[in-house]
Amino acid sequence: MNKILEDIRTAVPALSQQVYGKPLVYLDNAATSQKPVQVIELVNMMNSGLNGNVHRAMHYLSEQATMLYEQARERVRQHINAPERENIIFTSGATAAINLVASSFCYRFLKNGDSVVIAGDSHHSNIVPWQIACERAGAKLKVVPVDENGRLEIERVDSLVDARTRLVAVTHISNVLGIVNDIGQITEMAHARGAKVLVDGAQGIVHAKVDVQDMDCDFYAFSGHKVYGETGSGVLYGKSDLLNQMPPYMGGGEMVETVTYEKTTYAPLPLKFEAGTPNFIAAASLAPALDFADALVSGEWGRAVKEEEAAILAYLPDALREIEGLTLYGTSGKKIPLFSFSVDGCNSSDIAQMLDKLGIAVRSGQMCSEPLMNRYGVTGMVRASFAPYNTLEEAVYLADSLKRVVKMLR
Ligand code: PMP
């Protein structure tokens with residue numbers, strides 16, 4: 001293995017473990033990533049020493065925890081090029097961020113007879129909240145279809161979005177197809193009709209450069225745990241004018257200015273949307289997590305990762321297709337190293353279970369995208385999702401192991 005990749009892997013302790021006596025080959029990164037040392041150390045340090053509730057007390061521990069929490073907000077702002085700190089709302093994850101918009105934005109702006117347009121490659125988190133909002137408002141939910149090769153039919157946005165469309169909710173990168181969608185183009189088309197745009201960036205934040213001002217999206221949602229941060233953290237980026245017009249999502253401590261029984265006034269952004277004690281340790285972990293994400297695309301680490309990723313992308317699709325009856329999904333356009341497939345005559349969960357015994361962690365089933373499974377006429381798929389710390393060697397081991405597993409299952 002390349003010496004630089006070895007260094008990267010050493011920085012992520014979970015990767016060097018064995019499962020069932022075999023070296024772990026972790027290929028379920030789209031579900032959650034493994035954490036680098038600096039994230040683990042920050043979380044341990046806060047839990048063992050700097051545990052004080054944020055924004056509340058005058059004492060040292062609270063001040064230190066608040067400082068780390070707010071520094072992480074600034075780190076996120078910088079990472080996605082948001083104009084101000086107030087544009088960054090901490091949530092418990094991408095799901096919570098999308099639900100915040102579906103509840104609060106839709107309460108304010110979505111009326112009877114309006115519509116919301118969503119992408120056909122969406123995760124359930126970017127389907128169900130809009131369904132609930134549309135049902136409440138008496139609005140219509142429309143879907144941009146995906147073609148046979150997994151390409152989102154962006155040209156259809158023009159006919160689906162009309163003057164009554166309030167919001168277009170799209171996936172930056174699908175968790176099933178691994179295709180990078182052209183967000184700039186979608187945003188332009190939606191804005192031309194007066195609709196706002198939310199981007200589900202749960203996978204995008206990991207594999208693409210995110211510049212929210214360049215994309216000109218109105219909202220961008222992601223989870224911390226997929227981008228090397230602690231579980232229970234997430235971010236909603238929103239444009240200030242919209243966030244200011246939206247009512248609070250939850251009421252409680254720290255989101256208020258003054259409270260009387262007659263009337264409450266709300267705290268300014270971003271705290272208006274952060275009621276209650278946030279998961280401040282997880283949120284603070286986003287600072288070292290994003291430092292790690294940046295290191296993976298910079299300097300000699302960046303060059304080594306890019307080369308290895310290109311080698312995996314060049315090798316694995318053909319190696320997988322050598323297996324008779326295997327169908328690979330999401331084959332068009334710009335791809336991240338994420339490979340979803342089904343194999344004729346084999347159940348996806350059986351494949352995943354047998355790979356597990358060989359030390360390989362993959363995902364199987366519907367992958368929280370049941371409508372997409374229906375689109376391709378399958379009940380489930382197997383997904384191998386690579387992170388920058390994965391290697392070509394692991395891809396070769398996956399392909400070889402899969403050949404053995406399929407033989408045994410048939
Ligand atoms: N959207 C996409 C594209 C995802 O991949 C996921 C996680 N699989 C989510 C949303 C939801 O993320 P979370 O469960 O962390 O809220």
# chains A, B, ... in the order shown; residues from 1 in each chain; ligands from 1

$ residues_near_ligand --ligand "ligand 1" --cutoff "8 Å" --atoms "only C-alpha atoms and all ligand atoms" --output "ChimeraX atom specification"
/A:30-32,92-97,122-126,171-176,200-204,222-226,234,367-368

$ closest_atom_pairs --of "segment 82-166 of chain A" --to "segment 372-380 of chain A" --cutoff "8 Å" --atoms "only C-alpha atoms" --output "JSON lines"
{"residue": "A:Gly120", "atom": "CA", "partner": "A:Leu372", "partner_atom": "CA", "distance": 7.0}
{"residue": "A:Asp121", "atom": "CA", "partner": "A:Leu372", "partner_atom": "CA", "distance": 6.3}
{"residue": "A:Ser122", "atom": "CA", "partner": "A:Leu372", "partner_atom": "CA", "distance": 7.8}
{"residue": "A:Glu148", "atom": "CA", "partner": "A:Tyr376", "partner_atom": "CA", "distance": 7.7}

$ residues_around --residues "Gly325 of chain A" --least-positions-apart "3" --cutoff "12 Å" --atoms "only C-alpha atoms" --output "PyMOL selection string"
chain A and resi 320-322+328+341-346+403+406-407+410

$ residues_around --residues "Trp301 of chain A" --least-positions-apart "4" --cutoff "12 Å" --atoms "only C-alpha atoms" --output "JSON, numbers by chain"
{"A": [2, 3, 4, 5, 6, 7, 8, 9, 11, 292, 293, 294, 295, 296, 297, 305, 306, 307, 308, 388, 389]}

$ atom_distance --atom1 "atom CA of Val39 of chain A" --atom2 "atom CA of Gly229 of chain A"
6.4 Å

$ select_by_dssp --residues "segment 192-290 of chain A" --states "strand (DSSP E)" --output "list in words"
Lys196, Val197, Leu198, Val199, Asp200, Phe219, Tyr220, Ala221, Phe222, Ser223, Gly234, Val235, Leu236, Tyr237, Gly238, Val256, Glu257, Thr258, Val259, Thr264, Thr265 and Tyr266 of chain A

$ closest_atom_pairs --of "segment 183-296 of chain A" --to "segment 66-89 of chain A" --cutoff "7 Å" --atoms "only C-alpha atoms" --output "Markdown table"
| residue | atom | partner | partner_atom | distance |
| --- | --- | --- | --- | --- |
| A:Val210 | CA | A:Ile80 | CA | 5.2 |
| A:Asp211 | CA | A:Ile80 | CA | 4.9 |
| A:Val212 | CA | A:Ile80 | CA | 5.9 |
| A:Gln213 | CA | A:Ala82 | CA | 6.5 |
| A:Val235 | CA | A:Ile89 | CA | 5.7 |
| A:Leu236 | CA | A:Ile89 | CA | 5.1 |
| A:Tyr237 | CA | A:Ile88 | CA | 4.9 |
| A:Gly238 | CA | A:Asn87 | CA | 5.3 |
| A:Lys239 | CA | A:Asn87 | CA | 6.1 |
| A:Ser240 | CA | A:Asn87 | CA | 6.0 |
| A:Leu269 | CA | A:Glu86 | CA | 5.1 |
| A:Pro270 | CA | A:Glu86 | CA | 4.7 |
| A:Phe273 | CA | A:Ile89 | CA | 6.7 |
| A:Phe280 | CA | A:Tyr69 | CA | 6.0 |
| A:Ala283 | CA | A:Tyr69 | CA | 6.2 |
| A:Ala284 | CA | A:Tyr69 | CA | 4.6 |
| A:Leu286 | CA | A:Ala72 | CA | 5.8 |
| A:Ala287 | CA | A:Ala72 | CA | 4.7 |

$ residues_around --residues "Met46 of chain A" --least-positions-apart "6" --cutoff "9 Å" --atoms "only C-alpha atoms" --output "compact mmCIF listing (two decimals) with all heavy atoms, in the first residue's frame"
# COMPACT_ATOMS: atom_id res chain seq x y z
N GLY A 52 -19.61 21.85 29.83
CA GLY A 52 -20.47 22.87 30.44
C GLY A 52 -21.49 23.28 29.41
O GLY A 52 -21.17 23.38 28.21
N ALA A 65 -16.77 25.63 26.51
CA ALA A 65 -17.60 24.81 25.62
C ALA A 65 -18.28 25.70 24.58
O ALA A 65 -18.36 25.35 23.40
CB ALA A 65 -18.63 24.03 26.43
N ILE A 281 -21.11 19.03 22.06
CA ILE A 281 -19.82 18.36 21.88
C ILE A 281 -19.71 17.83 20.44
O ILE A 281 -18.69 18.01 19.77
CB ILE A 281 -19.63 17.25 22.92
CG1 ILE A 281 -19.60 17.87 24.33
CG2 ILE A 281 -18.38 16.43 22.64
CD1 ILE A 281 -19.38 16.90 25.47
